>>> print(open('start-v3.cif').read())   # mmCIF, C-alpha atoms
data_work
loop_
_atom_site.label_atom_id
_atom_site.label_comp_id
_atom_site.auth_asym_id
_atom_site.auth_seq_id
_atom_site.Cartn_x
_atom_site.Cartn_y
_atom_site.Cartn_z
CA MET T 2 37.61 10.84 43.22
CA SER T 3 38.10 8.08 40.68
CA GLN T 4 36.72 8.27 37.17
CA ILE T 5 34.55 5.26 37.89
CA GLU T 6 33.00 7.01 40.88
CA GLN T 7 32.43 10.14 38.79
CA LYS T 8 30.67 8.04 36.19
CA ILE T 9 28.47 6.42 38.83
CA ILE T 10 27.62 9.81 40.34
CA ARG T 11 26.70 11.22 36.91
CA LYS T 12 24.42 8.27 36.27
CA ALA T 13 22.81 8.63 39.69
CA ALA T 14 22.30 12.34 39.06
CA LYS T 15 20.32 11.40 35.96
CA GLY T 16 18.01 9.27 38.09
CA ASP T 17 19.73 5.89 37.68
CA ARG T 18 18.74 4.02 40.82
CA ALA T 19 21.19 1.17 40.24
CA ALA T 20 24.04 3.68 40.17
CA PHE T 21 22.81 5.29 43.36
CA ARG T 22 22.58 1.86 44.94
CA GLN T 23 26.30 1.44 44.25
CA LEU T 24 26.98 4.64 46.13
CA VAL T 25 24.85 3.49 49.05
CA LEU T 26 26.68 0.17 49.22
CA GLU T 27 30.03 1.91 49.13
CA HIS T 28 29.42 4.66 51.66
CA SER T 29 26.95 3.15 54.16
CA HIS T 30 29.52 1.93 56.67
CA ALA T 31 31.41 5.22 56.77
CA MET T 32 28.21 7.18 57.08
CA PHE T 33 27.03 4.96 59.91
CA ARG T 34 30.28 5.48 61.79
CA LEU T 35 29.97 9.24 61.47
CA ALA T 36 26.27 9.25 62.33
CA TRP T 37 26.88 7.07 65.37
CA ARG T 38 29.69 9.25 66.63
CA LEU T 39 27.54 12.33 66.17
CA SER T 40 24.49 10.89 67.86
CA GLY T 41 26.01 8.35 70.25
CA ASP T 42 23.05 6.08 69.56
CA GLU T 43 22.83 3.04 67.31
CA SER T 44 19.22 3.28 66.15
CA ALA T 45 19.48 7.05 65.75
CA ALA T 46 22.55 6.52 63.58
CA GLU T 47 20.66 4.09 61.37
CA ASP T 48 17.80 6.58 60.96
CA ILE T 49 20.26 9.36 60.19
CA VAL T 50 22.05 7.28 57.54
CA GLN T 51 18.78 6.49 55.78
CA GLU T 52 17.56 10.08 55.86
CA ALA T 53 20.94 11.32 54.68
CA PHE T 54 20.90 8.99 51.68
CA ILE T 55 17.40 10.07 50.76
CA LYS T 56 18.53 13.70 50.90
CA ALA T 57 21.60 12.80 48.87
CA TRP T 58 19.37 11.24 46.20
CA ARG T 59 17.31 14.39 46.03
CA LYS T 60 20.32 16.66 45.83
CA ILE T 61 22.79 14.63 43.84
CA GLY T 62 22.08 16.72 40.77
CA GLU T 63 23.60 19.67 42.64
CA PHE T 64 26.87 17.87 43.36
CA ARG T 65 29.89 19.44 41.67
CA MET T 66 32.33 16.95 40.20
CA ASP T 67 35.35 18.98 41.29
CA ALA T 68 34.38 18.52 44.94
CA SER T 69 34.93 15.50 47.17
CA PHE T 70 31.91 13.21 47.16
CA LYS T 71 32.85 11.90 50.61
CA SER T 72 32.90 15.45 52.01
CA TRP T 73 29.61 16.18 50.31
CA LEU T 74 28.01 13.11 51.88
CA HIS T 75 29.51 14.01 55.24
CA ARG T 76 27.97 17.46 55.05
CA ILE T 77 24.57 15.94 54.41
CA THR T 78 25.08 13.44 57.22
CA VAL T 79 26.13 16.16 59.66
CA ASN T 80 23.14 18.35 58.78
CA THR T 81 20.78 15.39 59.01
CA ALA T 82 22.23 14.38 62.36
CA MET T 83 21.88 17.90 63.74
CA ASP T 84 18.24 18.02 62.65
CA TYR T 85 17.69 14.60 64.17
CA LEU T 86 19.33 15.53 67.45
CA ARG T 87 17.30 18.68 67.71
CA LYS T 88 14.13 16.65 67.38
CA HIS T 89 15.00 13.72 69.62
CA VAL T 90 16.28 13.22 73.10
CA ARG T 91 19.94 12.62 72.44
CA ARG T 92 21.22 11.11 75.60
CA LYS T 93 18.76 8.44 76.61
CA GLN T 94 21.35 5.71 76.04
CA PHE T 95 23.64 7.22 78.63
CA GLU T 96 21.16 6.68 81.41
CA THR T 97 22.52 3.15 81.68
CA VAL T 98 26.12 4.36 81.64
CA GLY T 99 25.67 6.45 84.76
CA PRO T 100 26.94 4.06 87.44
CA ALA T 101 30.31 3.40 85.78
CA TRP T 102 30.92 7.09 85.29
CA GLU T 103 29.88 7.89 88.85
CA THR T 104 32.21 5.19 90.16
CA LEU T 105 35.09 6.84 88.39
CA ASP T 106 34.17 10.28 89.63
CA GLN T 107 33.81 9.27 93.23
CA ALA T 108 36.78 6.98 93.50
CA GLY T 109 39.03 9.03 91.25
CA ALA T 110 40.31 5.90 89.59
CA VAL T 111 39.26 3.51 86.88
CA PRO T 112 37.80 0.20 88.00
CA ASP T 113 40.17 -2.73 87.58
CA THR T 114 37.81 -4.85 85.54
CA GLY T 115 36.48 -3.99 82.13
CA THR T 116 38.81 -1.03 81.85
CA GLN T 117 38.67 -0.91 78.08
CA ILE T 118 34.90 -0.83 78.13
CA ASP T 119 34.95 1.94 80.71
CA ILE T 120 37.35 4.00 78.62
CA SER T 121 35.09 3.56 75.63
CA ARG T 122 32.01 4.59 77.60
CA GLN T 123 33.69 7.51 79.24
CA THR T 124 35.06 8.72 75.95
CA GLN T 125 31.53 8.52 74.63
CA VAL T 126 30.14 10.49 77.54
CA ALA T 127 32.87 13.10 77.20
CA MET T 128 32.17 13.34 73.51
CA MET T 129 28.47 13.89 74.07
CA ASP T 130 29.25 16.62 76.58
CA LEU T 131 30.79 18.69 73.80
CA SER T 132 28.65 21.18 71.97
CA ASP T 133 27.35 20.05 68.60
CA ALA T 134 29.84 22.24 66.75
CA GLU T 135 32.79 21.10 68.89
CA ARG T 136 31.88 17.44 68.55
CA THR T 137 31.31 17.67 64.80
CA ALA T 138 34.59 19.47 64.20
CA LEU T 139 36.54 17.02 66.34
CA LEU T 140 34.92 13.97 64.77
CA LEU T 141 35.56 15.13 61.25
CA LYS T 142 39.17 15.96 62.09
CA HIS T 143 40.13 13.19 64.48
CA TYR T 144 38.22 10.18 63.14
CA GLU T 145 37.46 11.04 59.54
CA GLY T 146 40.84 12.61 58.83
CA HIS T 147 39.52 15.66 56.99
CA SER T 148 41.77 18.70 56.80
CA ILE T 149 40.68 21.75 58.80
CA GLU T 150 39.74 23.42 55.54
CA GLU T 151 37.50 20.49 54.60
CA VAL T 152 35.93 20.40 58.04
CA ALA T 153 35.19 24.10 57.76
CA ARG T 154 33.61 23.54 54.36
CA ILE T 155 31.49 20.64 55.59
CA MET T 156 30.32 22.65 58.59
CA GLU T 157 29.92 25.79 56.50
CA ILE T 158 32.00 27.89 58.88
CA THR T 159 35.30 29.74 58.54
CA THR T 160 38.58 27.91 59.08
CA GLY T 161 39.23 30.17 62.08
CA ALA T 162 35.94 29.17 63.69
CA CYS T 163 36.64 25.57 62.82
CA LYS T 164 40.03 25.67 64.55
CA GLN T 165 38.50 27.23 67.65
CA ASN T 166 35.89 24.46 67.80
CA ILE T 167 38.60 21.83 67.52
CA PHE T 168 40.74 23.51 70.18
CA ARG T 169 37.84 23.74 72.61
CA ALA T 170 36.85 20.14 71.93
CA VAL T 171 40.40 18.88 72.44
CA ARG T 172 40.74 20.87 75.66
CA LYS T 173 37.51 19.42 77.08
CA MET T 174 38.32 15.89 75.94
CA ARG T 175 41.76 16.04 77.53
CA VAL T 176 40.30 17.11 80.86
CA ALA T 177 37.80 14.27 80.71
CA LEU T 178 40.30 11.63 79.60
CA ARG T 179 43.32 12.66 81.65
CA PRO T 180 42.38 10.49 84.65
CA LEU T 181 42.37 7.45 82.37
CA VAL T 182 45.83 7.88 80.90
CA ALA T 183 47.67 6.08 83.71
CA THR T 184 45.76 2.89 82.98
CA MET S 19 60.32 32.10 68.47
CA LYS S 20 56.88 32.77 69.93
CA ILE S 21 55.61 30.86 72.94
CA ILE S 22 54.28 27.46 71.93
CA ASN S 23 50.86 26.80 73.41
CA ASP S 24 48.57 23.76 73.46
CA GLU S 25 46.80 24.96 70.33
CA ASP S 26 50.08 24.78 68.43
CA LEU S 27 50.64 21.29 69.78
CA THR S 28 47.14 20.27 68.73
CA LEU S 29 47.78 21.50 65.21
CA LEU S 30 51.09 19.65 65.21
CA TYR S 31 49.35 16.47 66.36
CA TYR S 32 46.91 16.71 63.47
CA GLY S 33 49.61 17.64 60.96
CA GLU S 34 48.09 21.05 60.39
CA HIS S 35 50.72 23.39 61.81
CA GLU S 36 52.14 25.69 59.19
CA ASP S 37 55.46 26.38 60.92
CA PRO S 38 57.96 23.64 59.98
CA ALA S 39 60.22 24.69 62.85
CA LEU S 40 57.64 23.68 65.44
CA ALA S 41 58.33 19.94 65.28
CA ALA S 42 62.04 20.53 65.73
CA ALA S 43 61.40 22.90 68.64
CA VAL S 44 59.24 20.30 70.37
CA ALA S 45 61.85 17.60 69.83
CA GLU S 46 64.59 19.76 71.29
CA SER S 47 62.75 20.88 74.39
CA GLU S 48 62.15 18.43 77.23
CA GLU S 49 59.28 20.45 78.58
CA LEU S 50 57.60 20.73 75.17
CA SER S 51 58.15 17.04 74.49
CA ALA S 52 56.48 16.14 77.77
CA ARG S 53 53.51 18.37 76.99
CA TYR S 54 53.22 16.96 73.50
CA ASP S 55 53.45 13.35 74.75
CA ALA S 56 50.71 14.03 77.28
CA LEU S 57 48.49 15.43 74.56
CA CYS S 58 49.16 12.43 72.33
CA ALA S 59 48.37 9.98 75.13
CA GLU S 60 45.13 11.72 76.03
CA LEU S 61 43.93 12.04 72.47
CA LYS S 62 44.88 8.45 71.76
CA LEU S 63 42.29 7.41 74.33
CA ALA S 64 39.66 9.06 72.19
CA ASP S 65 40.30 6.30 69.66
CA ALA S 66 38.35 4.06 72.01
CA TYR S 67 35.22 5.82 70.81
CA GLN S 68 34.41 3.17 68.24
CA PRO S 69 30.97 2.55 66.81
CA PRO S 70 29.35 -0.87 66.90
CA GLN S 71 30.22 -2.99 63.89
CA ARG S 72 27.75 -3.39 61.04
CA GLY S 73 27.67 -6.56 59.00
CA ASP S 74 28.91 -6.83 55.43
CA ASP S 75 25.33 -6.60 54.20
CA TYR S 76 24.66 -3.31 55.98
CA GLY S 77 24.82 -1.33 52.73
CA ALA S 78 22.31 -3.67 51.11
CA ASP S 79 20.11 -3.36 54.18
CA VAL S 80 20.19 0.45 53.97
CA TRP S 81 19.33 0.26 50.29
CA GLN S 82 16.40 -2.04 50.98
CA ARG S 83 15.05 0.39 53.56
CA ILE S 84 15.36 3.52 51.47
CA SER S 85 14.74 2.32 47.92
CA SER S 86 10.97 2.41 48.22
CA ARG S 87 11.19 5.96 49.59
CA LEU S 88 13.33 7.30 46.79
CA GLY S 89 10.36 7.27 44.43
CA GLU S 90 8.45 9.59 46.76
CA ASP S 91 11.19 12.10 46.46
CA ASP S 92 11.84 11.90 42.76
CA THR S 93 9.52 14.83 42.16
CA LYS S 94 11.55 17.07 44.44
CA SER S 95 14.84 16.45 42.71
CA LYS S 96 13.68 17.01 39.21
CA GLY S 97 12.20 20.51 39.55
CA ARG S 98 8.74 21.65 38.54
CA LEU S 99 8.86 20.21 35.03
CA GLY S 100 10.15 16.93 36.41
CA ALA S 101 7.46 16.96 39.08
CA TRP S 102 4.81 17.46 36.44
CA LEU S 103 6.24 14.60 34.38
CA ALA S 104 6.51 12.42 37.48
CA SER S 105 2.84 13.00 38.22
CA PHE S 106 2.07 10.80 35.22
CA VAL S 107 3.61 7.77 36.85
CA GLN S 108 2.24 8.30 40.35
CA PRO S 109 -0.73 6.03 40.82
CA ARG S 110 -2.89 8.57 42.57
CA PHE S 111 -2.38 11.11 39.79
CA SER S 112 -2.72 8.79 36.86
CA LEU S 113 -2.18 9.31 33.17
CA ALA S 114 -5.91 8.90 32.70
CA GLY S 115 -6.50 11.76 35.12
CA ALA S 116 -4.04 13.99 33.33
CA LEU S 117 -5.58 13.14 29.97
CA SER S 118 -9.03 13.86 31.28
CA ILE S 119 -7.87 17.32 32.31
CA ALA S 120 -6.64 17.99 28.81
CA LEU S 121 -9.81 16.52 27.37
CA VAL S 122 -12.11 18.61 29.53
CA ALA S 123 -10.08 21.71 28.77
CA ALA S 124 -10.67 20.99 25.11
CA LEU S 125 -14.31 20.24 25.85
CA ALA S 126 -14.71 23.52 27.73
CA PHE S 127 -13.20 25.33 24.81
CA MET S 128 -15.49 23.63 22.32
CA LEU S 129 -18.62 24.06 24.40
CA GLY S 130 -17.86 27.67 25.03
CA ARG S 131 -17.15 28.28 21.38
CA ASN S 132 -19.85 26.24 19.70
CA GLY S 133 -22.52 26.27 22.37
CA GLY S 134 -23.28 22.58 21.91
CA PRO S 135 -22.16 19.20 23.07
CA GLU S 136 -21.01 17.90 19.70
CA ILE S 137 -17.51 16.52 19.92
CA SER S 138 -15.05 16.73 17.12
CA THR S 139 -13.37 13.49 16.14
CA ASP S 140 -10.48 15.04 14.34
CA ALA S 141 -6.80 14.47 14.81
CA ASN S 142 -6.60 17.05 17.60
CA ALA S 143 -7.91 14.54 20.11
CA PRO S 144 -5.50 13.93 23.01
CA ALA S 145 -3.06 11.09 22.57
CA GLY S 146 -4.42 7.74 23.64
CA VAL S 147 -8.04 8.76 23.14
CA THR S 148 -9.27 7.49 19.83
CA PRO S 149 -11.90 9.30 17.75
CA VAL S 150 -14.14 6.25 18.10
CA SER S 151 -14.11 6.33 21.88
CA MET S 152 -14.76 10.07 21.94
CA ALA S 153 -17.62 9.78 19.55
CA GLY S 154 -19.38 7.33 21.85
CA ILE S 155 -19.37 9.53 24.93
CA ASP S 156 -21.73 12.42 25.46
CA SER S 157 -20.32 15.57 26.93
CA ASP S 158 -22.28 15.34 30.22
CA ARG S 159 -20.92 11.92 31.01
CA LEU S 160 -17.47 12.94 29.91
CA LEU S 161 -17.45 15.93 32.20
CA ASN S 162 -18.91 13.94 35.09
CA ARG S 163 -16.29 11.23 34.79
CA SER S 164 -13.48 13.73 34.52
CA VAL S 165 -14.67 15.69 37.53
CA ALA S 166 -15.08 12.42 39.45
CA ALA S 167 -11.44 11.58 38.75
CA HIS S 168 -10.48 15.09 39.82
CA LEU S 169 -12.47 14.82 43.05
CA GLU S 170 -10.82 11.50 43.79
CA GLN S 171 -7.49 13.29 43.77
CA VAL S 172 -8.87 16.17 45.82
CA ASN S 173 -10.16 13.63 48.32
CA ILE S 174 -6.67 12.11 48.68
CA VAL S 175 -5.00 15.49 49.15
CA LEU S 176 -7.59 16.70 51.68
CA THR S 177 -7.44 13.44 53.63
CA GLN S 178 -3.66 13.78 53.84
CA PHE S 179 -4.05 17.41 54.83
CA VAL S 180 -6.38 16.78 57.78
CA ASN S 181 -4.23 13.93 59.05
CA THR S 182 -0.83 15.59 59.09
CA SER S 183 0.52 18.39 61.22
CA GLN S 184 2.74 19.94 58.57
CA THR S 185 2.19 20.73 54.94
CA SER S 186 4.85 19.34 52.67
CA SER S 187 6.00 21.13 49.54
CA ASN S 188 4.72 18.11 47.62
CA GLU S 189 1.25 18.63 49.03
CA THR S 190 1.40 22.29 48.07
CA GLU S 191 2.42 21.44 44.52
CA HIS S 192 -0.45 18.98 44.21
CA ALA S 193 -2.86 21.60 45.53
CA THR S 194 -1.60 24.03 42.89
CA ASP S 195 -2.17 21.47 40.14
CA MET S 196 -5.57 20.72 41.58
CA LEU S 197 -6.48 24.38 41.66
CA VAL S 198 -5.69 24.76 37.96
CA ALA S 199 -7.70 21.64 37.12
CA ASN S 200 -10.59 22.78 39.34
CA ARG S 201 -10.87 26.07 37.46
CA LEU S 202 -10.90 24.28 34.11
CA TYR S 203 -13.65 21.94 35.27
CA ARG S 204 -15.68 24.82 36.71
CA GLN S 205 -15.47 26.69 33.42
CA ALA S 206 -16.44 23.55 31.53
CA ALA S 207 -19.44 23.01 33.84
CA GLU S 208 -20.53 26.63 33.42
CA ALA S 209 -20.17 26.41 29.66
CA GLN S 210 -22.29 23.27 29.71
CA GLY S 211 -24.95 24.92 31.87
CA ASN S 212 -24.36 22.57 34.80
CA GLN S 213 -24.74 25.24 37.46
CA LYS S 214 -24.88 22.86 40.40
CA LEU S 215 -21.54 21.31 39.55
CA ALA S 216 -20.03 24.69 38.74
CA ALA S 217 -21.19 26.04 42.12
CA PHE S 218 -19.75 23.07 43.94
CA LEU S 219 -16.38 23.48 42.23
CA ALA S 220 -16.48 27.21 42.98
CA ASP S 221 -16.98 26.36 46.68
CA LEU S 222 -13.92 24.18 46.54
CA GLU S 223 -11.70 26.80 44.99
CA PRO S 224 -10.98 29.06 48.02
CA LEU S 225 -9.70 26.12 50.03
CA LEU S 226 -7.47 24.95 47.17
CA ILE S 227 -6.09 28.47 46.90
CA GLU S 228 -5.30 28.48 50.59
CA LEU S 229 -3.77 25.03 50.39
CA ALA S 230 -1.63 26.04 47.44
CA TYR S 231 -0.43 29.36 48.77
CA GLN S 232 -0.87 29.54 52.53
CA ALA S 233 -0.76 26.12 54.12
CA GLN S 234 3.00 25.81 54.11
CA SER S 235 3.83 29.34 55.17
CA GLY S 236 0.80 30.00 57.35
CA SER S 237 0.72 29.74 61.13
CA PRO S 238 -0.32 26.55 62.95
CA ALA S 239 -3.56 28.35 63.84
CA THR S 240 -4.29 28.93 60.14
CA ARG S 241 -3.64 25.30 59.41
CA GLU S 242 -5.91 24.18 62.23
CA ARG S 243 -8.70 26.45 60.99
CA MET S 244 -8.33 25.06 57.48
CA GLN S 245 -8.27 21.51 58.75
CA GLN S 246 -11.42 22.19 60.73
CA GLU S 247 -13.17 23.61 57.64
CA VAL S 248 -12.27 20.49 55.70
CA LYS S 249 -13.41 18.19 58.49
CA ASP S 250 -16.59 20.16 59.10
CA GLY S 251 -18.09 19.30 55.78
CA LEU S 252 -16.01 19.97 52.73
CA LEU S 253 -14.40 16.53 52.71
CA PHE S 254 -17.82 14.92 53.12
CA ARG S 255 -19.24 17.00 50.26
CA VAL S 256 -16.32 16.06 48.03
CA ARG S 257 -16.92 12.38 48.70
CA VAL S 258 -20.68 12.63 48.16
CA MET S 259 -20.25 14.53 44.91
CA ASN S 260 -17.60 12.07 43.77
CA ASN S 261 -20.00 9.18 44.44
CA GLN S 262 -22.78 10.89 42.54
CA LEU S 263 -20.60 11.63 39.54
CA SER S 264 -19.21 8.11 39.48
CA LYS S 265 -22.70 6.68 38.90
CA PRO S 266 -23.13 6.72 35.13
CA GLU S 267 -26.88 7.40 35.06
CA ILE S 268 -26.97 10.30 37.46
CA SER S 269 -26.24 13.76 36.27
CA VAL S 270 -25.78 16.61 38.74
#
>>> encode(input="start-v3.cif", output="structure tokens")
Amino acid sequence: MSQIEQKIIRKAAKGDRAAFRQLVLEHSHAMFRLAWRLSGDESAAEDIVQEAFIKAWRKIGEFRMDASFKSWLHRITVNTAMDYLRKHVRRKQFETVGPAWETLDQAGAVPDTGTQIDISRQTQVAMMDLSDAERTALLLKHYEGHSIEEVARIMEITTGACKQNIFRAVRKMRVALRPLVAT
Amino acid sequence: MKIINDEDLTLLYYGEHEDPALAAAVAESEELSARYDALCAELKLADAYQPPQRGDDYGADVWQRISSRLGEDDTKSKGRLGAWLASFVQPRFSLAGALSIALVAALAFMLGRNGGPEISTDANAPAGVTPVSMAGIDSDRLLNRSVAAHLEQVNIVLTQFVNTSQTSSNETEHATDMLVANRLYRQAAEAQGNQKLAAFLADLEPLLIELAYQAQSGSPATRERMQQEVKDGLLFRVRVMNNQLSKPEISV
């Protein structure tokens, strides 16, 4: 974490809204990406990002400067997303995806047209079929590039449990994506 | 060397394997290379899981949406002392209201001690209240106005309480503050011989106690019962009493 960011965080922790605004501007896109991947839904992701920032504002005084601010924000985002998903129906957006997925299942092959879109959708469906813990661990490792130790810290689990979640997630994703590799 | 399984290959893929010999072993073995390539190809497909793009102004948009809500939560981040200080800048719990609490506490003390309504105009008057303004107000009117301001706040908290399904910690904190203020006003009314007002405030007290200590931890049934009590008449009585006290000529 740069000294400038530390300074901004210190100011925000003292209640400086302009400093906190800087943090929002800097981290919004990354938080949206994570929230979207966790929820699989655009409007849910937007809600999660907003709630997560509000929680971050409330808790920023508890942030330790020797920790990674990005990891800290990710932990808040993950917890917020889990709360959100528990309260809301998480898969309503996939109702419209059904036909493409069924086509693949029945025919055993990917349709010739719009292949890239199908891969994206099917990856999304496979991702949402993972358990919350598996999906979170995989997302933080695969897309966010956190080390296993960091992922474990964000998820507040042991590194052993974290590895097992990643292994299970990878195994399930490979089974789901294997039919698409040839294309 | 131990048998290399898919978990080892996964760790290798993510650069997390601790055994430096693993990469070399995979490179040397055709079978392992094939397995590793398959894993890479399958996981590479997961990169297609890309979120929709947000515009450059997304951060500003998020800020616009949350900035007005940050104020609501200031009290939670600053602890109890901070919450108390923040109450001075929240419109519904105004500085005037807080001052009136201090003033009535002083009034209760003086009435109880001296047995009369005479108000001292010395330098102990609360900040912002000049000796001249205090000298021009009789103690009945002062108490009535202060209790009216207090009931206005009680009205807000009770209205929020009957219209929400969950008690927030904020609501509980306000109820605690209100309970303390209510006791001070009741004592002031008793000291002044205003039994009707004292009795009314005494009626209010049990509900404020419940709100302060039970609403958040109590069962949904408890909350429903409390909400029903408030709806059944207490809220109406608070509003009526507030109206009466707000009229300068009427004393209760």
>>> resolve_selection(input="start-v3.cif", expression="the PyMOL selection byres ((chain T) within 7 of (chain S))", output="VMD selection string")
chain T and resid 22 25 to 26 29 to 30 34 37 to 38 51 55 59 to 60 120 to 121 124 to 125 168 175 178 to 179 182
>>> resolve_selection(input="start-v3.cif", expression="the PyMOL selection byres ((chain T and resi 153) around 12)", output="ChimeraX atom specification")
/T:72,75-76,134-135,137-139,141-142,147-152,154-167
>>> atom_distance(input="start-v3.cif", atom1="CA of Asn200 (chain S)", atom2="CA of His168 (chain S)")
7.7 Å
>>> closest_residue(input="start-v3.cif", among="S:Leu30, S:Arg204, S:Glu191, S:Pro38", to="Ser51 (chain S)", atoms="all atoms listed in the file")
S:Leu30
>>> resolve_selection(input="start-v3.cif", expression="the PyMOL selection byres ((chain T and resi 21) around 10)", output="number ranges by chain")
T: 9-20, 22-27, 54, 57-58, 61; S: 81, 85
>>> write_last_selection(input="start-v3.cif", atoms="C-alpha atoms", output="short mmCIF file (atom, residue, chain, number, x, y, z; two decimals), in the frame of the given file")
data_model
loop_
_atom_site.label_atom_id
_atom_site.label_comp_id
_atom_site.auth_asym_id
_atom_site.auth_seq_id
_atom_site.Cartn_x
_atom_site.Cartn_y
_atom_site.Cartn_z
CA ILE T 9 28.47 6.42 38.83
CA ILE T 10 27.62 9.81 40.34
CA ARG T 11 26.70 11.22 36.91
CA LYS T 12 24.42 8.27 36.27
CA ALA T 13 22.81 8.63 39.69
CA ALA T 14 22.30 12.34 39.06
CA LYS T 15 20.32 11.40 35.96
CA GLY T 16 18.01 9.27 38.09
CA ASP T 17 19.73 5.89 37.68
CA ARG T 18 18.74 4.02 40.82
CA ALA T 19 21.19 1.17 40.24
CA ALA T 20 24.04 3.68 40.17
CA ARG T 22 22.58 1.86 44.94
CA GLN T 23 26.30 1.44 44.25
CA LEU T 24 26.98 4.64 46.13
CA VAL T 25 24.85 3.49 49.05
CA LEU T 26 26.68 0.17 49.22
CA GLU T 27 30.03 1.91 49.13
CA PHE T 54 20.90 8.99 51.68
CA ALA T 57 21.60 12.80 48.87
CA TRP T 58 19.37 11.24 46.20
CA ILE T 61 22.79 14.63 43.84
CA TRP S 81 19.33 0.26 50.29
CA SER S 85 14.74 2.32 47.92
#
>>> atom_distance(input="start-v3.cif", atom1="CA of Ile49 (chain T)", atom2="CA of Ala36 (chain T)")
6.4 Å
>>> atom_distance(input="start-v3.cif", atom1="CA of Phe218 (chain S)", atom2="CA of Thr190 (chain S)")
21.6 Å
>>> residues_around(input="start-v3.cif", residues="Arg201 (chain S)", least_positions_apart="2", cutoff="8 Å", atoms="only C-alpha atoms", output="list in words")
Leu197, Val198, Ala199, Tyr203, Arg204, Gln205, Leu219, Ala220 and Glu223 of chain S
>>> residues_around(input="start-v3.cif", residues="Leu35 (chain T)", least_positions_apart="2", cutoff="8 Å", atoms="all atoms listed in the file", output="compact mmCIF listing (two decimals) with C-alpha atoms, keeping the file's coordinate frame")
# COMPACT_ATOMS: atom_id res chain seq x y z
CA ALA T 31 31.41 5.22 56.77
CA MET T 32 28.21 7.18 57.08
CA PHE T 33 27.03 4.96 59.91
CA TRP T 37 26.88 7.07 65.37
CA ARG T 38 29.69 9.25 66.63
CA LEU T 39 27.54 12.33 66.17
CA HIS T 75 29.51 14.01 55.24
CA THR T 78 25.08 13.44 57.22
CA LEU T 140 34.92 13.97 64.77
CA GLU T 145 37.46 11.04 59.54
>>> closest_residue(input="start-v3.cif", among="T:Arg122, T:Arg136, T:His143, T:Arg169", to="Leu181 (chain T)", atoms="only C-alpha atoms")
T:Arg122
>>> decode(input="start-v3.cif", residues="region 4-16 of chain T", atoms="N, CA and C atoms", output="PDB file, in the first residue's frame")
ATOM      1  N   GLN T   4       2.189   5.186   0.357  1.00  0.00           N
ATOM      2  CA  GLN T   4       2.064   6.138   1.466  1.00  0.00           C
ATOM      3  C   GLN T   4       0.892   7.078   1.246  1.00  0.00           C
ATOM      4  N   ILE T   5       0.659   7.389  -0.025  1.00  0.00           N
ATOM      5  CA  ILE T   5      -0.470   8.282  -0.334  1.00  0.00           C
ATOM      6  C   ILE T   5      -1.780   7.616   0.082  1.00  0.00           C
ATOM      7  N   GLU T   6      -1.891   6.315  -0.258  1.00  0.00           N
ATOM      8  CA  GLU T   6      -3.134   5.624   0.108  1.00  0.00           C
ATOM      9  C   GLU T   6      -3.276   5.546   1.636  1.00  0.00           C
ATOM     10  N   GLN T   7      -2.168   5.300   2.310  1.00  0.00           N
ATOM     11  CA  GLN T   7      -2.217   5.266   3.786  1.00  0.00           C
ATOM     12  C   GLN T   7      -2.717   6.591   4.348  1.00  0.00           C
ATOM     13  N   LYS T   8      -2.226   7.661   3.749  1.00  0.00           N
ATOM     14  CA  LYS T   8      -2.616   8.993   4.209  1.00  0.00           C
ATOM     15  C   LYS T   8      -4.127   9.203   3.991  1.00  0.00           C
ATOM     16  N   ILE T   9      -4.585   8.787   2.820  1.00  0.00           N
ATOM     17  CA  ILE T   9      -6.011   8.944   2.509  1.00  0.00           C
ATOM     18  C   ILE T   9      -6.856   8.117   3.490  1.00  0.00           C
ATOM     19  N   ILE T  10      -6.397   6.898   3.759  1.00  0.00           N
ATOM     20  CA  ILE T  10      -7.149   6.021   4.670  1.00  0.00           C
ATOM     21  C   ILE T  10      -7.190   6.636   6.075  1.00  0.00           C
ATOM     22  N   ARG T  11      -6.067   7.179   6.511  1.00  0.00           N
ATOM     23  CA  ARG T  11      -6.030   7.812   7.853  1.00  0.00           C
ATOM     24  C   ARG T  11      -7.017   8.963   7.934  1.00  0.00           C
ATOM     25  N   LYS T  12      -7.030   9.760   6.859  1.00  0.00           N
ATOM     26  CA  LYS T  12      -7.958  10.897   6.839  1.00  0.00           C
ATOM     27  C   LYS T  12      -9.407  10.394   6.884  1.00  0.00           C
ATOM     28  N   ALA T  13      -9.682   9.389   6.067  1.00  0.00           N
ATOM     29  CA  ALA T  13     -11.047   8.844   6.021  1.00  0.00           C
ATOM     30  C   ALA T  13     -11.442   8.291   7.385  1.00  0.00           C
ATOM     31  N   ALA T  14     -10.478   7.665   8.051  1.00  0.00           N
ATOM     32  CA  ALA T  14     -10.762   7.087   9.373  1.00  0.00           C
ATOM     33  C   ALA T  14     -11.109   8.171  10.392  1.00  0.00           C
ATOM     34  N   LYS T  15     -10.635   9.388  10.119  1.00  0.00           N
ATOM     35  CA  LYS T  15     -10.959  10.499  11.026  1.00  0.00           C
ATOM     36  C   LYS T  15     -12.277  11.176  10.633  1.00  0.00           C
ATOM     37  N   GLY T  16     -12.940  10.620   9.628  1.00  0.00           N
ATOM     38  CA  GLY T  16     -14.246  11.162   9.239  1.00  0.00           C
ATOM     39  C   GLY T  16     -14.192  12.102   8.057  1.00  0.00           C
TER      40      GLY T  16
END
